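Shown next: input-v6.tsv, given as TSV, C-alpha atoms.
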```tsv
chain	number	residue	atom	x	y	z
A	1	MET	CA	89.01	102.79	97.16
A	2	GLU	CA	90.55	104.10	93.97
A	3	ASP	CA	89.49	107.64	93.05
A	4	VAL	CA	87.69	107.98	96.40
A	5	THR	CA	90.15	107.99	99.30
A	6	ASN	CA	92.26	110.75	97.78
A	7	LEU	CA	93.73	113.58	99.84
A	8	PRO	CA	90.70	115.93	99.63
A	9	PHE	CA	88.28	113.23	100.75
A	10	ARG	CA	90.57	112.06	103.55
A	11	LEU	CA	90.88	115.58	104.95
A	12	ILE	CA	87.10	115.92	105.01
A	13	ALA	CA	86.65	112.48	106.55
A	14	LYS	CA	89.19	113.27	109.26
A	15	ARG	CA	87.58	116.59	110.12
A	16	ILE	CA	84.01	115.32	110.20
A	17	GLY	CA	84.22	111.63	111.00
A	18	GLY	CA	87.51	111.50	112.88
A	19	PRO	CA	88.52	107.92	111.96
A	20	GLY	CA	91.43	106.61	113.99
A	21	LEU	CA	93.40	105.43	110.95
A	22	MET	CA	92.99	106.08	107.25
A	23	PHE	CA	94.60	104.72	104.11
A	24	THR	CA	95.44	106.25	100.76
A	25	GLU	CA	94.10	104.99	97.48
A	26	PHE	CA	96.11	101.93	96.56
A	27	VAL	CA	99.36	102.77	94.82
A	28	SER	CA	100.83	100.71	91.99
A	29	ALA	CA	104.39	99.69	92.85
A	30	MET	CA	105.17	99.19	89.18
A	31	ALA	CA	103.95	102.71	88.35
A	32	ILE	CA	106.14	104.15	91.12
A	33	HIS	CA	109.08	102.10	89.84
A	34	TYR	CA	108.71	103.73	86.42
A	35	GLY	CA	108.24	107.22	87.86
A	36	ALA	CA	104.58	107.84	87.04
A	37	VAL	CA	103.87	111.37	88.29
A	38	LYS	CA	100.14	110.81	88.70
A	39	THR	CA	100.77	107.80	90.94
A	40	PHE	CA	103.32	109.68	93.05
A	41	ARG	CA	100.64	112.30	93.72
A	42	LYS	CA	98.51	109.64	95.40
A	43	MET	CA	101.18	109.39	98.10
A	44	ARG	CA	100.97	112.99	99.24
A	45	ILE	CA	100.25	113.38	102.94
A	46	ASP	CA	98.87	116.28	104.94
A	47	PRO	CA	99.80	116.41	108.66
A	48	ALA	CA	96.12	116.92	109.52
A	49	GLU	CA	95.17	113.43	108.36
A	50	ARG	CA	97.59	111.40	110.48
A	51	PRO	CA	97.86	108.60	111.34
A	52	LEU	CA	97.86	107.48	107.72
A	53	GLY	CA	98.86	104.33	105.92
A	54	ILE	CA	99.98	104.29	102.30
A	55	GLN	CA	98.56	101.20	100.62
A	56	ILE	CA	100.61	99.61	97.85
A	57	PHE	CA	100.03	96.74	95.44
A	58	GLY	CA	102.21	94.70	93.13
A	59	GLY	CA	103.53	91.23	92.41
A	60	ASP	CA	107.30	91.69	92.57
A	61	PRO	CA	108.93	91.56	96.04
A	62	GLU	CA	111.85	93.85	95.13
A	63	ILE	CA	109.68	96.49	93.49
A	64	MET	CA	107.20	96.35	96.36
A	65	ALA	CA	110.09	96.86	98.81
A	66	GLU	CA	111.32	99.82	96.74
A	67	THR	CA	107.86	101.39	96.78
A	68	ALA	CA	107.53	100.80	100.53
A	69	ARG	CA	110.77	102.69	101.12
A	70	ILE	CA	109.47	105.61	99.07
A	71	ALA	CA	106.19	105.55	101.02
A	72	GLU	CA	108.15	105.72	104.27
A	73	GLU	CA	110.23	108.62	102.94
A	74	MET	CA	107.04	110.46	102.03
A	75	GLY	CA	105.86	110.21	105.63
A	76	ALA	CA	103.65	107.13	105.82
A	77	ASP	CA	102.90	106.07	109.38
A	78	LEU	CA	102.58	102.52	108.10
A	79	VAL	CA	102.68	100.63	104.81
A	80	ASP	CA	99.68	98.49	103.92
A	81	ILE	CA	99.89	95.74	101.29
A	82	ASN	CA	96.76	95.23	99.22
A	83	MET	CA	95.95	91.57	98.59
A	84	GLY	CA	92.23	92.12	98.37
A	85	CYS	CA	91.53	93.94	95.11
A	86	TRP	CA	89.64	91.61	92.79
A	87	VAL	CA	89.42	93.93	89.75
A	88	PRO	CA	90.66	92.08	86.62
A	89	LYS	CA	93.09	94.80	85.52
A	90	VAL	CA	94.91	94.40	88.86
A	91	CYS	CA	94.69	90.62	89.19
A	92	LYS	CA	95.92	89.94	85.66
A	93	THR	CA	99.27	91.46	86.68
A	94	GLY	CA	99.60	88.98	89.54
A	95	SER	CA	98.78	91.69	92.10
A	96	GLY	CA	95.99	92.29	94.59
A	97	ALA	CA	93.78	89.29	95.30
A	98	ALA	CA	95.64	87.20	92.68
A	99	LEU	CA	98.34	86.74	95.34
A	100	LEU	CA	95.87	84.65	97.34
A	101	LYS	CA	96.54	81.91	94.78
A	102	ASP	CA	100.32	82.05	95.35
A	103	PRO	CA	101.01	81.85	99.11
A	104	GLU	CA	104.78	81.65	98.74
A	105	LEU	CA	105.00	84.78	96.61
A	106	ALA	CA	102.55	86.57	98.91
A	107	ALA	CA	104.69	85.80	101.97
A	108	SER	CA	107.86	86.77	100.09
A	109	ILE	CA	106.36	90.17	99.29
A	110	VAL	CA	105.42	90.78	102.92
A	111	ARG	CA	108.88	89.68	104.08
A	112	SER	CA	110.62	91.99	101.61
A	113	VAL	CA	108.50	94.99	102.55
A	114	VAL	CA	108.99	94.40	106.28
A	115	LYS	CA	112.76	94.29	105.79
A	116	ALA	CA	112.70	97.46	103.68
A	117	VAL	CA	111.08	99.84	106.16
A	118	LYS	CA	111.09	100.80	109.82
A	119	VAL	CA	107.38	101.69	110.00
A	120	PRO	CA	104.80	98.96	110.67
A	121	VAL	CA	103.68	96.81	107.75
A	122	THR	CA	100.07	95.63	107.53
A	123	VAL	CA	98.20	93.48	105.02
A	124	LYS	CA	94.64	93.55	103.72
A	125	VAL	CA	93.31	90.27	102.34
A	126	ARG	CA	90.14	88.67	101.08
A	127	ALA	CA	88.94	85.34	102.48
A	128	GLY	CA	90.43	83.55	99.48
A	129	TRP	CA	90.26	83.47	95.72
A	130	ASP	CA	87.01	81.50	95.52
A	131	TYR	CA	84.72	79.42	97.71
A	132	SER	CA	86.86	76.30	97.28
A	133	LEU	CA	89.37	77.40	99.94
A	134	PHE	CA	89.31	79.75	102.92
A	135	ALA	CA	92.93	80.75	102.44
A	136	ALA	CA	93.13	83.65	104.87
A	137	PRO	CA	94.15	81.77	108.06
A	138	ASP	CA	97.23	80.11	106.54
A	139	LEU	CA	98.18	83.29	104.69
A	140	ALA	CA	97.72	85.49	107.73
A	141	ARG	CA	99.83	83.20	109.91
A	142	SER	CA	102.63	83.31	107.36
A	143	PHE	CA	102.38	87.11	107.15
A	144	GLN	CA	102.52	87.34	110.94
A	145	ASP	CA	105.55	85.06	111.00
A	146	VAL	CA	107.51	87.33	108.62
A	147	GLY	CA	106.67	90.52	110.50
A	148	ALA	CA	103.24	91.89	109.50
A	149	GLN	CA	101.84	93.81	112.47
A	150	MET	CA	98.14	93.89	111.55
A	151	ILE	CA	95.78	92.01	109.24
A	152	THR	CA	92.56	93.31	107.73
A	153	LEU	CA	90.09	90.76	106.38
A	154	HIS	CA	87.39	91.67	103.90
A	155	ALA	CA	85.04	88.77	104.60
A	156	ARG	CA	84.24	88.01	100.97
A	157	PHE	CA	86.06	85.87	98.45
A	158	ALA	CA	87.77	87.60	95.54
A	159	LYS	CA	85.41	86.02	93.02
A	160	GLN	CA	82.46	87.67	94.80
A	161	GLY	CA	83.61	91.21	94.15
A	162	PHE	CA	81.12	93.16	96.24
A	163	GLU	CA	78.24	90.76	95.58
A	164	GLY	CA	76.38	88.90	98.28
A	165	GLU	CA	76.86	89.40	101.99
A	166	ALA	CA	80.16	89.40	103.85
A	167	ASN	CA	80.55	86.26	105.96
A	168	TRP	CA	81.61	87.54	109.35
A	169	LYS	CA	82.14	83.97	110.63
A	170	LEU	CA	85.32	83.98	108.56
A	171	ILE	CA	86.62	86.88	110.66
A	172	THR	CA	85.95	84.81	113.79
A	173	GLU	CA	87.97	81.91	112.36
A	174	LEU	CA	90.83	84.21	111.42
A	175	ARG	CA	90.79	85.75	114.90
A	176	GLU	CA	91.62	82.30	116.25
A	177	ALA	CA	94.50	81.90	113.80
A	178	VAL	CA	96.56	85.04	114.51
A	179	THR	CA	97.67	87.07	117.51
A	180	VAL	CA	98.36	90.39	115.76
A	181	PRO	CA	95.56	92.97	115.68
A	182	LEU	CA	92.76	91.94	113.31
A	183	ILE	CA	90.49	94.41	111.56
A	184	GLY	CA	87.14	93.29	110.15
A	185	ASN	CA	85.83	94.64	106.88
A	186	GLY	CA	82.67	94.05	104.89
A	187	ASP	CA	79.12	95.39	105.24
A	188	VAL	CA	79.82	97.76	108.13
A	189	LYS	CA	77.43	100.60	107.38
A	190	THR	CA	76.10	101.69	110.76
A	191	PRO	CA	77.24	101.94	114.39
A	192	GLU	CA	75.15	98.87	115.12
A	193	ASP	CA	76.97	96.93	112.41
A	194	ALA	CA	80.34	97.88	113.86
A	195	LEU	CA	79.46	96.87	117.41
A	196	LYS	CA	77.91	93.62	116.21
A	197	MET	CA	80.95	92.69	114.13
A	198	MET	CA	83.35	93.32	116.99
A	199	SER	CA	81.16	91.45	119.47
A	200	GLU	CA	80.53	88.44	117.25
A	201	THR	CA	84.00	88.02	115.76
A	202	GLY	CA	86.41	89.29	118.39
A	203	CYS	CA	88.13	91.55	115.87
A	204	ASP	CA	90.02	94.54	117.27
A	205	GLY	CA	88.46	97.16	115.02
A	206	VAL	CA	86.45	97.70	111.87
A	207	MET	CA	87.30	99.13	108.48
A	208	VAL	CA	84.65	101.19	106.74
A	209	GLY	CA	84.81	101.57	102.98
A	210	ARG	CA	81.89	102.21	100.65
A	211	ALA	CA	79.56	103.36	103.44
A	212	ALA	CA	81.73	106.46	103.89
A	213	ILE	CA	81.64	107.57	100.25
A	214	SER	CA	80.28	111.10	100.37
A	215	ASN	CA	78.95	110.39	103.86
A	216	PRO	CA	81.85	111.06	106.21
A	217	TRP	CA	79.34	111.57	109.02
A	218	ALA	CA	78.91	107.77	109.07
A	219	LEU	CA	82.49	107.48	110.33
A	220	GLY	CA	81.71	109.80	113.21
A	221	TYR	CA	78.66	107.79	114.27
A	222	ILE	CA	80.61	104.52	114.13
A	223	ARG	CA	83.60	105.85	116.04
A	224	ALA	CA	81.33	107.31	118.74
A	225	ALA	CA	79.61	103.95	119.17
A	226	ILE	CA	82.95	102.16	119.58
A	227	ASP	CA	84.36	104.82	121.92
A	228	GLY	CA	81.14	105.14	123.90
A	229	SER	CA	81.06	108.88	123.27
A	230	CYS	CA	78.25	111.17	122.11
A	231	PRO	CA	77.53	110.82	118.38
A	232	PRO	CA	77.85	113.91	116.19
A	233	THR	CA	74.75	115.91	115.30
A	234	PRO	CA	73.16	114.68	112.05
A	235	PRO	CA	73.94	117.05	109.16
A	236	THR	CA	71.29	119.29	107.71
A	237	LEU	CA	70.86	119.68	103.96
A	238	ASP	CA	72.84	122.91	104.16
A	239	ASP	CA	75.62	121.02	105.96
A	240	ARG	CA	75.69	118.39	103.24
A	241	ILE	CA	75.85	120.98	100.49
A	242	ALA	CA	78.58	122.92	102.27
A	243	VAL	CA	80.74	119.81	102.57
A	244	ALA	CA	80.07	118.83	98.96
A	245	LEU	CA	81.34	122.25	97.87
A	246	GLU	CA	84.30	121.99	100.25
A	247	HIS	CA	85.14	118.66	98.64
A	248	LEU	CA	85.02	120.22	95.18
A	249	ARG	CA	87.28	123.12	96.16
A	250	LYS	CA	89.80	120.82	97.82
A	251	MET	CA	89.84	118.59	94.75
A	252	VAL	CA	90.44	121.52	92.42
A	253	ALA	CA	93.25	122.78	94.66
A	254	CYS	CA	94.77	119.31	94.63
A	255	GLU	CA	94.61	119.15	90.83
A	256	ALA	CA	96.28	122.57	90.65
A	257	ASP	CA	98.99	121.54	93.17
A	258	ALA	CA	97.91	124.47	95.33
A	259	GLU	CA	97.57	124.77	99.09
A	260	ASN	CA	93.93	125.80	98.82
A	261	TYR	CA	91.22	126.80	96.36
A	262	GLU	CA	91.92	130.53	96.58
A	263	GLU	CA	95.55	129.98	95.68
A	264	ALA	CA	94.51	127.66	92.86
A	265	ARG	CA	92.35	130.37	91.32
A	266	SER	CA	95.38	132.63	90.96
A	267	LEU	CA	97.48	130.07	89.13
A	268	PRO	CA	97.86	129.69	85.39
A	269	GLY	CA	96.02	126.61	84.19
A	270	PHE	CA	93.33	126.99	86.85
A	271	GLN	CA	90.50	126.35	84.41
A	272	ASP	CA	91.96	123.02	83.36
A	273	ALA	CA	92.54	122.01	86.99
A	274	GLU	CA	89.00	123.02	87.90
A	275	MET	CA	87.55	121.01	85.05
A	276	ARG	CA	89.56	117.92	85.98
A	277	GLY	CA	88.66	118.20	89.65
A	278	CYS	CA	84.97	118.79	89.06
A	279	ARG	CA	84.63	116.08	86.46
A	280	SER	CA	86.29	113.57	88.76
A	281	LEU	CA	83.57	114.18	91.36
A	282	ARG	CA	80.53	114.15	89.09
A	283	GLY	CA	79.54	110.72	90.33
A	284	GLN	CA	80.26	111.45	93.97
A	285	ILE	CA	78.70	114.87	94.58
A	286	PRO	CA	75.09	113.67	94.02
A	287	LEU	CA	75.60	111.17	96.84
A	288	TYR	CA	75.88	114.01	99.36
A	289	ILE	CA	72.15	114.68	98.94
A	290	LYS	CA	71.07	111.10	98.26
A	291	GLY	CA	67.79	110.35	100.00
A	292	VAL	CA	66.66	113.98	100.16
A	293	TYR	CA	63.24	114.49	98.60
A	294	GLY	CA	63.65	115.52	94.97
A	295	ALA	CA	67.41	114.88	94.82
A	296	SER	CA	67.07	112.41	91.96
A	297	GLN	CA	65.60	115.16	89.80
A	298	ILE	CA	68.86	117.15	89.74
A	299	ARG	CA	71.25	114.21	89.45
A	300	ASP	CA	71.59	114.59	85.69
A	301	ARG	CA	72.35	118.29	86.03
A	302	LEU	CA	75.06	117.60	88.61
A	303	THR	CA	76.74	115.00	86.40
A	304	LYS	CA	77.20	117.65	83.70
A	305	CYS	CA	78.80	120.35	85.85
A	306	SER	CA	82.40	121.33	85.07
A	307	THR	CA	83.03	124.21	87.50
A	308	VAL	CA	82.55	124.80	91.21
A	309	ALA	CA	80.18	127.66	90.40
A	310	GLU	CA	77.99	125.38	88.30
A	311	PHE	CA	77.78	122.81	91.08
A	312	GLU	CA	77.00	125.52	93.61
A	313	ASP	CA	74.22	127.00	91.48
A	314	VAL	CA	72.53	123.61	91.12
A	315	LEU	CA	72.92	122.62	94.77
A	316	ARG	CA	71.93	125.99	96.23
A	317	GLY	CA	69.03	126.24	93.84
A	318	PHE	CA	67.84	122.80	94.89
A	319	ALA	CA	67.94	123.75	98.59
A	320	ALA	CA	66.18	127.06	97.93
A	321	GLY	CA	63.44	125.25	96.01
A	322	LEU	CA	62.84	122.91	98.94
A	323	CYS	CA	62.63	125.82	101.33
A	324	ALA	CA	60.18	127.64	99.08
A	325	GLY	CA	58.05	124.52	98.77
A	326	ALA	CA	58.01	124.02	102.52
A	327	ALA	CA	56.94	127.62	103.05
```

Would you write out, as structure tokens, the structure that this file holds?
Amino acid sequence: MEDVTNLPFRLIAKRIGGPGLMFTEFVSAMAIHYGAVKTFRKMRIDPAERPLGIQIFGGDPEIMAETARIAEEMGADLVDINMGCWVPKVCKTGSGAALLKDPELAASIVRSVVKAVKVPVTVKVRAGWDYSLFAAPDLARSFQDVGAQMITLHARFAKQGFEGEANWKLITELREAVTVPLIGNGDVKTPEDALKMMSETGCDGVMVGRAAISNPWALGYIRAAIDGSCPPTPPTLDDRIAVALEHLRKMVACEADAENYEEARSLPGFQDAEMRGCRSLRGQIPLYIKGVYGASQIRDRLTKCSTVAEFEDVLRGFAAGLCAGAA
């Protein structure tokens, strides 16, 4: 999830939700090939978030192999190849889900990446380009044959985007086609969804995407259901606000290339880094209090904040107002 599964968010998700495996934002192989600094930053890894896969995308086998080697050098525990992104700006370059229309090139890319690295190589696919062909079984078998060690299926076709419901029956069919671990993806929002998907399809695990945006607690509930352990305590409003502010501080520190927020504040250029970090989360921070009575009334104010202090004033003021009203 571009601009979501960055380092700050992953650290929070790992601490609160404890997912077994996480992935970076997808990384453009072509951008890495040409030395794009911003793209290299997406590949940064913190030891606290392991195990971690770096996800890459591109349409050239040699450049994808080159990027995979760099990902391995940067500490990736595995390299994941994205063949599921349906966004036009990605597909028009022959990358992402566009590869579903070119099975030979898709297999060549997987083969080249497998040969380039020692860490496991995995692939995430959609069911196919459109409803005319369920391409995933043939593709997945070819990927398995050239060395892919895990397949993730988002049970929608590329043309669907995120519209409609994921068809979990497609995961069942793919389970029968491959012997490597299979991860199911699509419409897993609750622990019940996760258990149902695994029971109905025979997949080995589930991937959670949009349901975790600004709700890392969802990951904890789902993992507890799969493990059979006690679920975490539901967060209070104060918990949600505290994590939202933690997210902001981590993002600012990341923008400043600092170890933490306190260090970032001492660096020249802090104000610019703070503005970039805060602006990048304007759409995400309101989701931390989504569903709380009255939250919609401060959404506009949150989307205009440019500093951590501004966000904190709005969020703390909102919580104080609720407490006063309850009293």

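Separating CA of Ala242 in chain A from CA of Asp227 in chain A is a distance of 27.3 Å.
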
Checklist entry - Got a sec: who's within 10 Å of range 11-13 of chain A, counting only C-alpha atoms, leaving out chain neighbours fewer than 2 positions off, as a ChimeraX atom specification? => result /A:5-9,15-19,22,45-50,212-220,243-244,246-247,250

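The interatomic distance for the pair CA of Ala36 in chain A and CA of Thr307 in chain A works out to 27.1 Å.
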
Checklist entry - Nearest to Asp3 in chain A: which of A:Cys230, A:Met251, A:Val114, A:Leu100 is it, counting all atoms listed in the file? => result A:Met251

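The shortest atom-to-atom distance to Ser280 in chain A, with all atoms listed in the file taken into account, belongs to A:Glu255 out of A:Glu255, A:Asp77, A:Glu262, A:Glu173.
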
Item to check | Coordinates-based distance that separates CA of Leu105 in chain A from CA of Lys42 in chain A (Å, one decimal) | outcome: 25.7 Å

Mind rebuilding range 202-216 of chain A with N, CA, C and O atoms and writing that out as a PDB file, in the coordinates of the input?
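Below is the file that was written, part_13.pdb:
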```pdb
ATOM      1  N   GLY A 202      85.229  89.070 117.573  1.00  0.00           N
ATOM      2  CA  GLY A 202      86.410  89.290 118.390  1.00  0.00           C
ATOM      3  C   GLY A 202      87.482  90.116 117.694  1.00  0.00           C
ATOM      4  O   GLY A 202      88.614  90.221 118.188  1.00  0.00           O
ATOM      5  N   CYS A 203      87.144  90.718 116.550  1.00  0.00           N
ATOM      6  CA  CYS A 203      88.130  91.550 115.870  1.00  0.00           C
ATOM      7  C   CYS A 203      88.419  92.800 116.697  1.00  0.00           C
ATOM      8  O   CYS A 203      87.612  93.204 117.544  1.00  0.00           O
ATOM      9  N   ASP A 204      89.568  93.412 116.451  1.00  0.00           N
ATOM     10  CA  ASP A 204      90.020  94.540 117.270  1.00  0.00           C
ATOM     11  C   ASP A 204      89.507  95.885 116.779  1.00  0.00           C
ATOM     12  O   ASP A 204      89.630  96.889 117.486  1.00  0.00           O
ATOM     13  N   GLY A 205      88.968  95.915 115.582  1.00  0.00           N
ATOM     14  CA  GLY A 205      88.460  97.160 115.020  1.00  0.00           C
ATOM     15  C   GLY A 205      87.755  96.863 113.709  1.00  0.00           C
ATOM     16  O   GLY A 205      87.757  95.720 113.235  1.00  0.00           O
ATOM     17  N   VAL A 206      87.163  97.880 113.136  1.00  0.00           N
ATOM     18  CA  VAL A 206      86.450  97.700 111.870  1.00  0.00           C
ATOM     19  C   VAL A 206      87.003  98.673 110.833  1.00  0.00           C
ATOM     20  O   VAL A 206      87.452  99.774 111.163  1.00  0.00           O
ATOM     21  N   MET A 207      86.963  98.248 109.589  1.00  0.00           N
ATOM     22  CA  MET A 207      87.300  99.130 108.480  1.00  0.00           C
ATOM     23  C   MET A 207      86.026  99.455 107.724  1.00  0.00           C
ATOM     24  O   MET A 207      85.249  98.559 107.388  1.00  0.00           O
ATOM     25  N   VAL A 208      85.832 100.736 107.474  1.00  0.00           N
ATOM     26  CA  VAL A 208      84.650 101.190 106.740  1.00  0.00           C
ATOM     27  C   VAL A 208      85.102 101.672 105.375  1.00  0.00           C
ATOM     28  O   VAL A 208      86.041 102.463 105.262  1.00  0.00           O
ATOM     29  N   GLY A 209      84.442 101.193 104.341  1.00  0.00           N
ATOM     30  CA  GLY A 209      84.810 101.570 102.980  1.00  0.00           C
ATOM     31  C   GLY A 209      83.697 102.312 102.281  1.00  0.00           C
ATOM     32  O   GLY A 209      83.515 103.522 102.451  1.00  0.00           O
ATOM     33  N   ARG A 210      82.905 101.574 101.507  1.00  0.00           N
ATOM     34  CA  ARG A 210      81.890 102.210 100.650  1.00  0.00           C
ATOM     35  C   ARG A 210      80.850 103.009 101.418  1.00  0.00           C
ATOM     36  O   ARG A 210      80.310 103.984 100.893  1.00  0.00           O
ATOM     37  N   ALA A 211      80.572 102.642 102.666  1.00  0.00           N
ATOM     38  CA  ALA A 211      79.560 103.360 103.440  1.00  0.00           C
ATOM     39  C   ALA A 211      79.959 104.801 103.717  1.00  0.00           C
ATOM     40  O   ALA A 211      79.108 105.648 104.021  1.00  0.00           O
ATOM     41  N   ALA A 212      81.250 105.096 103.605  1.00  0.00           N
ATOM     42  CA  ALA A 212      81.730 106.460 103.890  1.00  0.00           C
ATOM     43  C   ALA A 212      81.781 107.341 102.658  1.00  0.00           C
ATOM     44  O   ALA A 212      82.041 108.540 102.776  1.00  0.00           O
ATOM     45  N   ILE A 213      81.543 106.769 101.468  1.00  0.00           N
ATOM     46  CA  ILE A 213      81.640 107.570 100.250  1.00  0.00           C
ATOM     47  C   ILE A 213      80.612 108.703 100.304  1.00  0.00           C
ATOM     48  O   ILE A 213      79.409 108.477 100.356  1.00  0.00           O
ATOM     49  N   SER A 214      81.107 109.902 100.304  1.00  0.00           N
ATOM     50  CA  SER A 214      80.280 111.100 100.370  1.00  0.00           C
ATOM     51  C   SER A 214      79.380 111.139 101.598  1.00  0.00           C
ATOM     52  O   SER A 214      78.411 111.889 101.650  1.00  0.00           O
ATOM     53  N   ASN A 215      79.682 110.332 102.597  1.00  0.00           N
ATOM     54  CA  ASN A 215      78.950 110.390 103.860  1.00  0.00           C
ATOM     55  C   ASN A 215      79.935 110.232 105.006  1.00  0.00           C
ATOM     56  O   ASN A 215      79.872 109.266 105.764  1.00  0.00           O
ATOM     57  N   PRO A 216      80.852 111.172 105.141  1.00  0.00           N
ATOM     58  CA  PRO A 216      81.850 111.060 106.210  1.00  0.00           C
ATOM     59  C   PRO A 216      81.243 111.098 107.601  1.00  0.00           C
ATOM     60  O   PRO A 216      81.891 110.686 108.563  1.00  0.00           O
TER      61      PRO A 216
END
```
